Structure formats: C-alpha cells, structure tokens
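Asks: My file is coords.pdb. It has PDB, C-alpha atoms:
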ATOM      1  CA  MET A  34     100.608  14.923   3.141
ATOM      2  CA  ASN A  35      98.170  17.573   4.315
ATOM      3  CA  ASN A  36      99.096  19.882   7.190
ATOM      4  CA  LEU A  37      96.991  18.111   9.857
ATOM      5  CA  LEU A  38      98.427  14.718   8.917
ATOM      6  CA  LYS A  39     101.904  16.229   9.110
ATOM      7  CA  GLN A  40     101.190  17.610  12.597
ATOM      8  CA  TYR A  41      99.714  14.275  13.690
ATOM      9  CA  SER A  42     102.835  12.501  12.411
ATOM     10  CA  GLU A  43     105.105  14.900  14.343
ATOM     11  CA  ILE A  44     103.169  14.455  17.604
ATOM     12  CA  LEU A  45     103.137  10.681  17.160
ATOM     13  CA  THR A  46     106.894  10.580  16.526
ATOM     14  CA  GLU A  47     107.544  12.719  19.612
ATOM     15  CA  TRP A  48     105.301  10.642  21.915
ATOM     16  CA  ASN A  49     106.497   7.322  20.479
ATOM     17  CA  SER A  50     110.055   8.175  21.502
ATOM     18  CA  ARG A  51     108.862   8.292  25.134
ATOM     19  CA  ILE A  52     106.086   5.714  25.296
ATOM     20  CA  ASN A  53     105.424   2.794  22.989
ATOM     21  CA  LEU A  54     102.422   3.721  20.856
ATOM     22  CA  MET A  55     103.354   1.818  17.709
ATOM     23  CA  SER A  56     106.116  -0.433  16.458
ATOM     24  CA  THR A  57     109.261   1.508  15.606
ATOM     25  CA  ASP A  58     109.652  -0.452  12.357
ATOM     26  CA  GLU A  59     106.390   1.036  11.051
ATOM     27  CA  THR A  60     106.109   4.518   9.603
ATOM     28  CA  ILE A  61     103.202   6.897   9.952
ATOM     29  CA  GLU A  62     103.155   7.198   6.151
ATOM     30  CA  LYS A  63     102.395   3.460   5.956
ATOM     31  CA  HIS A  64      99.489   3.874   8.381
ATOM     32  CA  ILE A  65      98.122   6.840   6.429
ATOM     33  CA  GLU A  66      98.358   4.883   3.172
ATOM     34  CA  ASP A  67      96.572   1.972   4.845
ATOM     35  CA  VAL A  68      93.723   4.172   6.106
ATOM     36  CA  GLN A  69      93.361   5.920   2.727
ATOM     37  CA  ASN A  70      92.222   2.552   1.353
ATOM     38  CA  VAL A  71      89.221   2.696   3.717
ATOM     39  CA  ILE A  72      87.892   6.041   2.416
ATOM     40  CA  PRO A  73      86.101   4.657  -0.702
ATOM     41  CA  HIS A  74      84.156   2.273   1.574
ATOM     42  CA  ILE A  75      82.779   5.011   3.833
ATOM     43  CA  THR A  76      79.399   5.970   2.425
ATOM     44  CA  ASN A  77      76.238   7.328   4.075
ATOM     45  CA  THR A  78      78.146   7.483   7.340
ATOM     46  CA  LYS A  79      77.985  10.064  10.096
ATOM     47  CA  ARG A  80      78.980   8.340  13.375
ATOM     48  CA  VAL A  81      82.111   6.162  13.498
ATOM     49  CA  ILE A  82      83.678   4.267  16.384
ATOM     50  CA  ASP A  83      87.277   3.012  16.269
ATOM     51  CA  LEU A  84      87.637   0.039  18.616
ATOM     52  CA  GLY A  85      91.138  -0.521  20.026
ATOM     53  CA  THR A  86      92.355   2.707  18.456
ATOM     54  CA  GLY A  87      95.898   2.593  19.873
ATOM     55  CA  ALA A  88      97.599   5.719  18.528
ATOM     56  CA  GLY A  89      94.392   6.853  16.830
ATOM     57  CA  ILE A  90      94.721   4.538  13.853
ATOM     58  CA  PRO A  91      92.487   4.550  11.894
ATOM     59  CA  GLY A  92      90.132   6.938  13.762
ATOM     60  CA  ILE A  93      92.198  10.143  13.878
ATOM     61  CA  ILE A  94      93.402   9.691  10.297
ATOM     62  CA  LEU A  95      89.806   9.100   9.123
ATOM     63  CA  LYS A  96      88.704  12.265  10.938
ATOM     64  CA  ILE A  97      91.455  14.300   9.247
ATOM     65  CA  LEU A  98      90.644  12.867   5.804
ATOM     66  CA  LYS A  99      86.853  13.111   6.273
ATOM     67  CA  PRO A 100      86.270  16.002   8.724
ATOM     68  CA  GLU A 101      82.476  15.658   8.514
ATOM     69  CA  LEU A 102      82.597  12.367  10.448
ATOM     70  CA  GLU A 103      81.736  12.224  14.144
ATOM     71  CA  VAL A 104      84.364   9.872  15.636
ATOM     72  CA  ILE A 105      84.743   8.060  18.956
ATOM     73  CA  LEU A 106      88.100   6.428  19.736
ATOM     74  CA  VAL A 107      88.161   3.632  22.338
ATOM     75  CA  ASP A 108      91.181   1.973  23.920
ATOM     76  CA  SER A 109      91.842   0.223  27.233
ATOM     77  CA  THR A 110      95.343   1.699  27.616
ATOM     78  CA  ARG A 111      95.216   5.078  29.339
ATOM     79  CA  LYS A 112      98.480   6.402  27.811
ATOM     80  CA  LYS A 113      97.104   5.774  24.308
ATOM     81  CA  ILE A 114      93.910   7.662  25.139
ATOM     82  CA  SER A 115      96.029  10.481  26.624
ATOM     83  CA  PHE A 116      97.951  10.636  23.344
ATOM     84  CA  CYS A 117      94.737  10.719  21.282
ATOM     85  CA  THR A 118      93.300  13.442  23.519
ATOM     86  CA  GLU A 119      96.470  15.506  23.069
ATOM     87  CA  VAL A 120      96.294  15.138  19.262
ATOM     88  CA  ILE A 121      92.623  16.182  19.256
ATOM     89  CA  ARG A 122      93.491  19.260  21.358
ATOM     90  CA  LYS A 123      96.592  20.311  19.402
ATOM     91  CA  LEU A 124      94.970  19.806  15.990
ATOM     92  CA  LYS A 125      91.743  21.490  17.193
ATOM     93  CA  LEU A 126      89.681  18.600  15.840
ATOM     94  CA  GLU A 127      85.947  18.823  16.514
ATOM     95  CA  ASN A 128      83.330  16.081  16.961
ATOM     96  CA  ILE A 129      85.925  13.506  17.993
ATOM     97  CA  LEU A 130      86.345  12.030  21.455
ATOM     98  CA  ALA A 131      88.862   9.595  22.971
ATOM     99  CA  VAL A 132      87.332   7.242  25.555
ATOM    100  CA  TRP A 133      89.273   5.076  27.979
ATOM    101  CA  GLY A 134      87.633   1.716  28.510
ATOM    102  CA  ARG A 135      87.365  -1.919  27.551
ATOM    103  CA  VAL A 136      85.509  -2.469  24.283
ATOM    104  CA  GLU A 137      83.816  -5.617  25.611
ATOM    105  CA  ASP A 138      82.327  -3.661  28.558
ATOM    106  CA  LYS A 139      78.559  -3.525  27.936
ATOM    107  CA  THR A 140      78.279  -0.398  30.109
ATOM    108  CA  LEU A 141      80.719   1.399  27.795
ATOM    109  CA  ALA A 142      78.821   0.186  24.725
ATOM    110  CA  HIS A 143      75.571   1.478  26.198
ATOM    111  CA  SER A 144      77.047   4.863  27.178
ATOM    112  CA  VAL A 145      78.557   5.701  23.772
ATOM    113  CA  GLY A 146      75.531   4.546  21.780
ATOM    114  CA  LYS A 147      75.202   3.012  18.322
ATOM    115  CA  PHE A 148      77.152   3.874  15.200
ATOM    116  CA  ASP A 149      76.840   3.868  11.414
ATOM    117  CA  LEU A 150      80.323   2.371  11.124
ATOM    118  CA  VAL A 151      82.422   0.318  13.525
ATOM    119  CA  ILE A 152      86.065  -0.071  12.514
ATOM    120  CA  SER A 153      89.232  -1.632  13.879
ATOM    121  CA  ARG A 154      92.708  -2.157  12.500
ATOM    122  CA  ALA A 155      94.195  -5.620  13.195
ATOM    123  CA  THR A 156      93.466  -5.477  16.918
ATOM    124  CA  TRP A 157      91.688  -8.781  17.563
ATOM    125  CA  ASP A 158      91.055 -12.083  15.857
ATOM    126  CA  LEU A 159      88.194 -11.447  13.406
ATOM    127  CA  ALA A 160      85.599 -13.577  15.245
ATOM    128  CA  ASN A 161      86.321 -11.805  18.550
ATOM    129  CA  TYR A 162      86.182  -8.399  16.879
ATOM    130  CA  LEU A 163      82.810  -9.109  15.266
ATOM    131  CA  GLU A 164      81.313 -10.263  18.577
ATOM    132  CA  MET A 165      82.335  -6.950  20.148
ATOM    133  CA  ALA A 166      81.573  -4.759  17.124
ATOM    134  CA  VAL A 167      77.936  -5.820  16.914
ATOM    135  CA  GLU A 168      77.304  -4.247  20.345
ATOM    136  CA  TYR A 169      78.090  -0.827  18.816
ATOM    137  CA  MET A 170      76.138  -1.269  15.570
ATOM    138  CA  LYS A 171      72.664   0.017  14.895
ATOM    139  CA  ASP A 172      70.374  -1.690  12.402
ATOM    140  CA  ASP A 173      71.456  -1.157   8.801
ATOM    141  CA  SER A 174      74.979  -0.202   9.861
ATOM    142  CA  TYR A 175      78.272  -1.816   8.906
ATOM    143  CA  CYS A 176      81.664  -2.670  10.298
ATOM    144  CA  ILE A 177      85.075  -2.854   8.687
ATOM    145  CA  ALA A 178      87.953  -5.047   9.809
ATOM    146  CA  MET A 179      91.355  -3.928   8.528
ATOM    147  CA  LYS A 180      93.391  -7.118   8.272
ATOM    148  CA  GLY A 181      96.760  -8.436   7.171
ATOM    149  CA  PRO A 182      97.536 -11.502   5.035
ATOM    150  CA  LYS A 183      95.921 -14.059   7.409
ATOM    151  CA  TRP A 184      92.421 -12.677   6.813
ATOM    152  CA  VAL A 185      91.198 -15.747   4.858
ATOM    153  CA  GLU A 186      92.096 -18.036   7.751
ATOM    154  CA  GLU A 187      90.393 -15.727  10.253
ATOM    155  CA  LEU A 188      87.282 -15.364   8.078
ATOM    156  CA  SER A 189      86.913 -19.157   7.912
ATOM    157  CA  ARG A 190      86.286 -19.199  11.687
ATOM    158  CA  THR A 191      83.448 -16.653  11.750
ATOM    159  CA  ALA A 192      80.351 -18.569  10.509
ATOM    160  CA  SER A 193      78.676 -18.990  13.906
ATOM    161  CA  VAL A 194      79.469 -15.419  14.974
ATOM    162  CA  LEU A 195      78.012 -14.029  11.740
ATOM    163  CA  LYS A 196      74.828 -16.045  12.236
ATOM    164  CA  ASN A 197      74.406 -15.157  15.941
ATOM    165  CA  ALA A 198      75.196 -11.474  15.400
ATOM    166  CA  LYS A 199      73.016 -11.194  12.262
ATOM    167  CA  LEU A 200      75.963  -9.954  10.246
ATOM    168  CA  SER A 201      76.599 -10.667   6.585
ATOM    169  CA  LEU A 202      79.838 -10.309   4.663
ATOM    170  CA  GLU A 203      79.333  -7.486   2.148
ATOM    171  CA  GLY A 204      82.730  -7.965   0.581
ATOM    172  CA  THR A 205      86.445  -8.529   0.881
ATOM    173  CA  HIS A 206      88.666  -5.863  -0.613
ATOM    174  CA  PRO A 207      92.320  -6.980  -0.853
ATOM    175  CA  TYR A 208      95.024  -4.428  -1.650
ATOM    176  CA  LYS A 209      98.772  -3.954  -1.367
ATOM    177  CA  LEU A 210     100.613  -1.121   0.283
ATOM    178  CA  SER A 211     103.421   0.539  -1.682
ATOM    179  CA  SER A 212     105.801  -1.521   0.495
ATOM    180  CA  GLY A 213     104.286  -4.660  -1.036
ATOM    181  CA  GLU A 214     102.539  -5.724   2.184
ATOM    182  CA  GLU A 215      99.194  -7.418   1.635
ATOM    183  CA  ARG A 216      96.112  -6.061   3.351
ATOM    184  CA  CYS A 217      92.371  -6.621   3.144
ATOM    185  CA  LEU A 218      89.285  -4.710   4.213
ATOM    186  CA  LEU A 219      86.463  -6.989   5.285
ATOM    187  CA  VAL A 220      83.110  -5.213   5.258
ATOM    188  CA  PHE A 221      80.126  -6.640   7.170
ATOM    189  CA  ASN A 222      76.528  -5.417   7.186
ATOM    190  CA  LYS A 223      74.116  -5.722  10.087
ATOM    191  CA  THR A 224      70.764  -7.082   9.029
ATOM    192  CA  ASN A 225      67.496  -6.890  10.926
TER     193      ASN A 225
END
What is this file in structure tokens?
Replies:
Amino acid sequence: MNNLLKQYSEILTEWNSRINLMSTDETIEKHIEDVQNVIPHITNTKRVIDLGTGAGIPGIILKILKPELEVILVDSTRKKISFCTEVIRKLKLENILAVWGRVEDKTLAHSVGKFDLVISRATWDLANYLEMAVEYMKDDSYCIAMKGPKWVEELSRTASVLKNAKLSLEGTHPYKLSSGEERCLLVFNKTN
C-alpha cells in the first residue's frame, strides 16, 4: 500500500471510530482492491465526479492512484463531506473537491459542470443512478457503476432509462475480490 493510501486508511479508521462512515465489517484494503479494478477502465479521462462518495470511495482512492485526475466528490451527508475535506487537506491532494449536496439537485449538477467520467459505488439502484448520472455527463463521456452480485437483476430494469438518457452499455466486467466476493463494473457510454 502506498504512503497516501496508508494515511487515508489511518484517517478513515480514526474517524470511523467516532462517526459511522463505513460498515465496521469492511476493511479499507477491500475498498482499495475494489477500486483498483476500475483503473484499467479509466482512459482519456480528465474530469471525474464520484456521486454518493460516502467516505471518499471510490473518488479519493482514484485520485491517489491516478493523481492526474481532477475529481469532485458529492454526498448529501455533511459529516461525510467533512471527512473527505479533512483527508484532502491532510494528504495535500490537489484538484479534488468535496461538495455537500443532493446528487439529484439540478442546481448542483449545473454548478459543478460536466465530466468525462461519472462513477458511483453501490449507492443507488442502477436505473436511479443512471438517471442522475446523465445530468453530469458531457457528450462522448461515460459512467461506471460499481455493483455487487445483483447487477444482472438491476441491469434488466434499465432499458427505458438507457433509451431516454441516450446511454449505451459498453460492457460488463465481472471480477472477484480476494475475499471471494463477486463484483461487476458496468460501463455506459453517452451517445449524441
């Protein structure tokens, strides 16, 4: 684990003992491993927005692993944004900002602009996520949904959203964590 990831892990452990940022049965190493599976799918990308970031997962980890990215973290829970802001300050991360607000708020979407990549980790049902994600996508951009084992079921309910939002499924990329847990990255492209 690189030094910044180690520091992030320490800050997260300290804060999580006081306020609930993530489930205590999950380890930061598991989250890092999960986010590392996203890296090969990030190409031709400068601006990234992490919707429903929680404790900065995947946004802060992506920023540490790919420092050239410009990252915006959004969450509706103020204590989670306070945590992310503290991590950004302590790790001296640049070109990353934590924003408190509701993802579905069109004013927020307008104020932060459009992105090359929209990403979220298991925060909403897939159809709901895609409806919100498209508001943050520019033409010829993409979004990634990080999902658990129920992804096939969720994907089956997205046909009308994909059509209305002019999104197409680029691919599904299943993988297993070292713990044996099944995960999948669903990658969607925005078409004109």
Asks: Please provide as a JSON list (two decimals) with C-alpha atoms, keeping the file's coordinate frame all residues within 8 Å of stretch 132-136 of chain A, with the sequence filter that same-chain residues fewer than 2 positions apart are discarded (counting all atoms listed in the file).
Replies:
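Saved to result-v3.json:
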[["chain", "number", "residue", "atom", "x", "y", "z"],
["A", 84, "LEU", "CA", 87.64, 0.04, 18.62],
["A", 85, "GLY", "CA", 91.14, -0.52, 20.03],
["A", 105, "ILE", "CA", 84.74, 8.06, 18.96],
["A", 106, "LEU", "CA", 88.10, 6.43, 19.74],
["A", 107, "VAL", "CA", 88.16, 3.63, 22.34],
["A", 108, "ASP", "CA", 91.18, 1.97, 23.92],
["A", 109, "SER", "CA", 91.84, 0.22, 27.23],
["A", 110, "THR", "CA", 95.34, 1.70, 27.62],
["A", 111, "ARG", "CA", 95.22, 5.08, 29.34],
["A", 114, "ILE", "CA", 93.91, 7.66, 25.14],
["A", 130, "LEU", "CA", 86.34, 12.03, 21.46],
["A", 138, "ASP", "CA", 82.33, -3.66, 28.56],
["A", 139, "LYS", "CA", 78.56, -3.52, 27.94],
["A", 141, "LEU", "CA", 80.72, 1.40, 27.80],
["A", 142, "ALA", "CA", 78.82, 0.19, 24.72],
["A", 165, "MET", "CA", 82.34, -6.95, 20.15]]
Asks: With all atoms listed in the file as the atoms that count, which of A:His206, A:Lys199, A:Lys147, A:Lys113 lies nearest to A:Ala88?
Replies: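 The shortest atom-to-atom distance to A:Ala88 comes from A:Lys113.
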Asks: What is the distance between atom CA of A:Glu47 and atom CA of A:Lys112, in Å to one decimal?
Replies: 13.8 Å
Asks: Name all residues at most 12 Å from A:Lys196 (count all atoms listed in the file; drop same-chain ones fewer than 5 positions away) and give them as a PyMOL selection string.
Replies: chain A and resi 160+163-164+167+190-191+201-202+221-225
Asks: So that I can see what lies close to A:Ser211, please list as a PyMOL selection string the residues with an atom at most 12 Å from it, counting only C-alpha atoms and leaving out residues fewer than 4 positions away in the same chain.
Replies: chain A and resi 62-67+70+215-216
Asks: Given the choices A:Ile121, A:Val220, A:Ile75, A:Ile94, which gets closest to A:Lys180 if the distance is worked out from all atoms listed in the file?
Replies: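 Using all atoms listed in the file, the shortest distance to A:Lys180 belongs to A:Val220.
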Asks: Starting from the PyMOL selection byres ((chain A and resi 90-93) around 10), expand the selection into actual residues of this file and give them as a PDB file with C-alpha atoms, in the frame of the given file.
Replies:
ATOM      1  CA  LEU A  38      98.427  14.718   8.917  1.00  0.00           C
ATOM      2  CA  TYR A  41      99.714  14.275  13.690  1.00  0.00           C
ATOM      3  CA  MET A  55     103.354   1.818  17.709  1.00  0.00           C
ATOM      4  CA  ILE A  61     103.202   6.897   9.952  1.00  0.00           C
ATOM      5  CA  HIS A  64      99.489   3.874   8.381  1.00  0.00           C
ATOM      6  CA  ILE A  65      98.122   6.840   6.429  1.00  0.00           C
ATOM      7  CA  ASP A  67      96.572   1.972   4.845  1.00  0.00           C
ATOM      8  CA  VAL A  68      93.723   4.172   6.106  1.00  0.00           C
ATOM      9  CA  GLN A  69      93.361   5.920   2.727  1.00  0.00           C
ATOM     10  CA  VAL A  71      89.221   2.696   3.717  1.00  0.00           C
ATOM     11  CA  VAL A  81      82.111   6.162  13.498  1.00  0.00           C
ATOM     12  CA  ILE A  82      83.678   4.267  16.384  1.00  0.00           C
ATOM     13  CA  ASP A  83      87.277   3.012  16.269  1.00  0.00           C
ATOM     14  CA  LEU A  84      87.637   0.039  18.616  1.00  0.00           C
ATOM     15  CA  GLY A  85      91.138  -0.521  20.026  1.00  0.00           C
ATOM     16  CA  THR A  86      92.355   2.707  18.456  1.00  0.00           C
ATOM     17  CA  GLY A  87      95.898   2.593  19.873  1.00  0.00           C
ATOM     18  CA  ALA A  88      97.599   5.719  18.528  1.00  0.00           C
ATOM     19  CA  GLY A  89      94.392   6.853  16.830  1.00  0.00           C
ATOM     20  CA  ILE A  94      93.402   9.691  10.297  1.00  0.00           C
ATOM     21  CA  LEU A  95      89.806   9.100   9.123  1.00  0.00           C
ATOM     22  CA  LYS A  96      88.704  12.265  10.938  1.00  0.00           C
ATOM     23  CA  ILE A  97      91.455  14.300   9.247  1.00  0.00           C
ATOM     24  CA  LEU A  98      90.644  12.867   5.804  1.00  0.00           C
ATOM     25  CA  LYS A  99      86.853  13.111   6.273  1.00  0.00           C
ATOM     26  CA  PRO A 100      86.270  16.002   8.724  1.00  0.00           C
ATOM     27  CA  LEU A 102      82.597  12.367  10.448  1.00  0.00           C
ATOM     28  CA  GLU A 103      81.736  12.224  14.144  1.00  0.00           C
ATOM     29  CA  VAL A 104      84.364   9.872  15.636  1.00  0.00           C
ATOM     30  CA  ILE A 105      84.743   8.060  18.956  1.00  0.00           C
ATOM     31  CA  LEU A 106      88.100   6.428  19.736  1.00  0.00           C
ATOM     32  CA  VAL A 107      88.161   3.632  22.338  1.00  0.00           C
ATOM     33  CA  CYS A 117      94.737  10.719  21.282  1.00  0.00           C
ATOM     34  CA  VAL A 120      96.294  15.138  19.262  1.00  0.00           C
ATOM     35  CA  ILE A 121      92.623  16.182  19.256  1.00  0.00           C
ATOM     36  CA  LEU A 126      89.681  18.600  15.840  1.00  0.00           C
ATOM     37  CA  ILE A 129      85.925  13.506  17.993  1.00  0.00           C
ATOM     38  CA  LEU A 130      86.345  12.030  21.455  1.00  0.00           C
ATOM     39  CA  ALA A 131      88.862   9.595  22.971  1.00  0.00           C
ATOM     40  CA  ILE A 152      86.065  -0.071  12.514  1.00  0.00           C
ATOM     41  CA  SER A 153      89.232  -1.632  13.879  1.00  0.00           C
ATOM     42  CA  ARG A 154      92.708  -2.157  12.500  1.00  0.00           C
ATOM     43  CA  MET A 179      91.355  -3.928   8.528  1.00  0.00           C
TER      44      MET A 179
END
Asks: So, with only C-alpha atoms as the atoms that count, which of A:Trp48, A:Phe116, A:Tyr169, A:Tyr175 lies closest to A:Asn77?
Replies: A:Tyr175
Asks: Given only C-alpha atoms as the basis, pick out the residue of A:Leu200, A:Ile44, A:Ala155, A:Cys217 nearest to A:Asp173.
Replies: A:Leu200
Asks: Provide the atom CA of A:Cys176 to atom CA of A:Leu219 distance in Å, to one decimal place.
Replies: 8.2 Å
Asks: Kindly list the centre and edge lengths in Å, rounded to one decimal, for the axis-aligned box that covers all listed atoms of stretch 203-212 of chain A plus 4 Å on each of its six sides, as AutoDock Vina command-line options.
Replies:
--center_x 92.6 --center_y -4.0 --center_z 0.2 --size_x 34.5 --size_y 17.1 --size_z 11.8
Asks: For a quick check of understanding, using all atoms listed in the file, which of A:Ser50, A:Asn128, A:Thr156, A:Ser212 has the smallest distance to A:Lys79?
Replies: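 Among the listed residues, A:Asn128 lies closest to A:Lys79.
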Asks: What is the distance between atom CA of A:Lys171 and atom CA of A:Asp149, in Å to one decimal?
Replies: 6.7 Å
Asks: Go through A:Ile72, A:Phe148, A:Glu187, A:Gly181 one by one, measure the shortest atom-to-atom distance of each to A:Glu214 using only C-alpha atoms, and give the residue with the smallest value.
Replies: A:Gly181
Asks: Output stretch 139-173 of chain A as a short mmCIF file (atom, residue, chain, number, x, y, z; two decimals), in the frame of the given file, making sure N, CA and C atoms are there.
Replies:
data_model
loop_
_atom_site.label_atom_id
_atom_site.label_comp_id
_atom_site.auth_asym_id
_atom_site.auth_seq_id
_atom_site.Cartn_x
_atom_site.Cartn_y
_atom_site.Cartn_z
N LYS A 139 79.91 -3.87 28.42
CA LYS A 139 78.56 -3.52 27.94
C LYS A 139 78.11 -2.14 28.43
N THR A 140 78.61 -1.73 29.60
CA THR A 140 78.28 -0.40 30.11
C THR A 140 78.86 0.67 29.19
N LEU A 141 80.09 0.46 28.73
CA LEU A 141 80.72 1.40 27.80
C LEU A 141 79.92 1.43 26.49
N ALA A 142 79.58 0.26 25.98
CA ALA A 142 78.82 0.19 24.72
C ALA A 142 77.51 0.95 24.85
N HIS A 143 76.84 0.79 25.98
CA HIS A 143 75.57 1.48 26.20
C HIS A 143 75.77 3.00 26.29
N SER A 144 76.84 3.42 26.96
CA SER A 144 77.05 4.86 27.18
C SER A 144 77.43 5.62 25.91
N VAL A 145 78.14 4.99 24.99
CA VAL A 145 78.56 5.70 23.77
C VAL A 145 77.52 5.61 22.66
N GLY A 146 76.61 4.64 22.76
CA GLY A 146 75.53 4.55 21.78
C GLY A 146 75.87 3.67 20.59
N LYS A 147 75.08 3.83 19.54
CA LYS A 147 75.20 3.01 18.32
C LYS A 147 75.78 3.86 17.19
N PHE A 148 76.40 3.18 16.24
CA PHE A 148 77.15 3.87 15.20
C PHE A 148 76.79 3.38 13.80
N ASP A 149 77.03 4.24 12.82
CA ASP A 149 76.84 3.87 11.41
C ASP A 149 77.95 2.92 10.96
N LEU A 150 79.16 3.17 11.49
CA LEU A 150 80.32 2.37 11.12
C LEU A 150 81.15 2.05 12.37
N VAL A 151 81.48 0.78 12.51
CA VAL A 151 82.42 0.32 13.52
C VAL A 151 83.66 -0.15 12.77
N ILE A 152 84.83 0.29 13.22
CA ILE A 152 86.06 -0.07 12.51
C ILE A 152 87.16 -0.42 13.51
N SER A 153 88.06 -1.30 13.08
CA SER A 153 89.23 -1.63 13.88
C SER A 153 90.34 -2.09 12.94
N ARG A 154 91.56 -1.79 13.33
CA ARG A 154 92.71 -2.16 12.50
C ARG A 154 93.53 -3.23 13.21
N ALA A 155 93.35 -4.49 12.77
CA ALA A 155 94.20 -5.62 13.20
C ALA A 155 94.39 -5.73 14.70
N THR A 156 93.33 -5.47 15.47
CA THR A 156 93.47 -5.48 16.92
C THR A 156 93.14 -6.83 17.53
N TRP A 157 92.11 -7.48 17.03
CA TRP A 157 91.69 -8.78 17.56
C TRP A 157 91.55 -9.79 16.43
N ASP A 158 91.46 -11.06 16.81
CA ASP A 158 91.06 -12.08 15.86
C ASP A 158 89.68 -11.66 15.32
N LEU A 159 89.41 -11.93 14.06
CA LEU A 159 88.19 -11.45 13.41
C LEU A 159 86.91 -11.86 14.14
N ALA A 160 86.81 -13.11 14.55
CA ALA A 160 85.60 -13.58 15.24
C ALA A 160 85.38 -12.80 16.54
N ASN A 161 86.43 -12.58 17.31
CA ASN A 161 86.32 -11.80 18.55
C ASN A 161 85.91 -10.36 18.26
N TYR A 162 86.51 -9.78 17.25
CA TYR A 162 86.18 -8.40 16.88
C TYR A 162 84.71 -8.28 16.51
N LEU A 163 84.21 -9.19 15.70
CA LEU A 163 82.81 -9.11 15.27
C LEU A 163 81.84 -9.24 16.44
N GLU A 164 82.16 -10.12 17.38
CA GLU A 164 81.31 -10.26 18.58
C GLU A 164 81.22 -8.95 19.36
N MET A 165 82.33 -8.23 19.44
CA MET A 165 82.34 -6.95 20.15
C MET A 165 81.72 -5.85 19.30
N ALA A 166 82.03 -5.83 18.01
CA ALA A 166 81.57 -4.76 17.12
C ALA A 166 80.06 -4.67 17.06
N VAL A 167 79.40 -5.81 17.07
CA VAL A 167 77.94 -5.82 16.91
C VAL A 167 77.24 -5.06 18.04
N GLU A 168 77.88 -4.99 19.21
CA GLU A 168 77.30 -4.25 20.34
C GLU A 168 77.23 -2.74 20.07
N TYR A 169 78.02 -2.26 19.12
CA TYR A 169 78.09 -0.83 18.82
C TYR A 169 77.36 -0.47 17.51
N MET A 170 76.77 -1.48 16.87
CA MET A 170 76.14 -1.27 15.57
C MET A 170 74.63 -1.09 15.70
N LYS A 171 74.11 -0.11 14.97
CA LYS A 171 72.66 0.02 14.90
C LYS A 171 72.19 -0.81 13.69
N ASP A 172 70.90 -0.97 13.56
CA ASP A 172 70.37 -1.69 12.40
C ASP A 172 70.79 -0.96 11.13
N ASP A 173 71.04 -1.71 10.10
CA ASP A 173 71.46 -1.16 8.80
C ASP A 173 72.77 -0.38 8.89
#
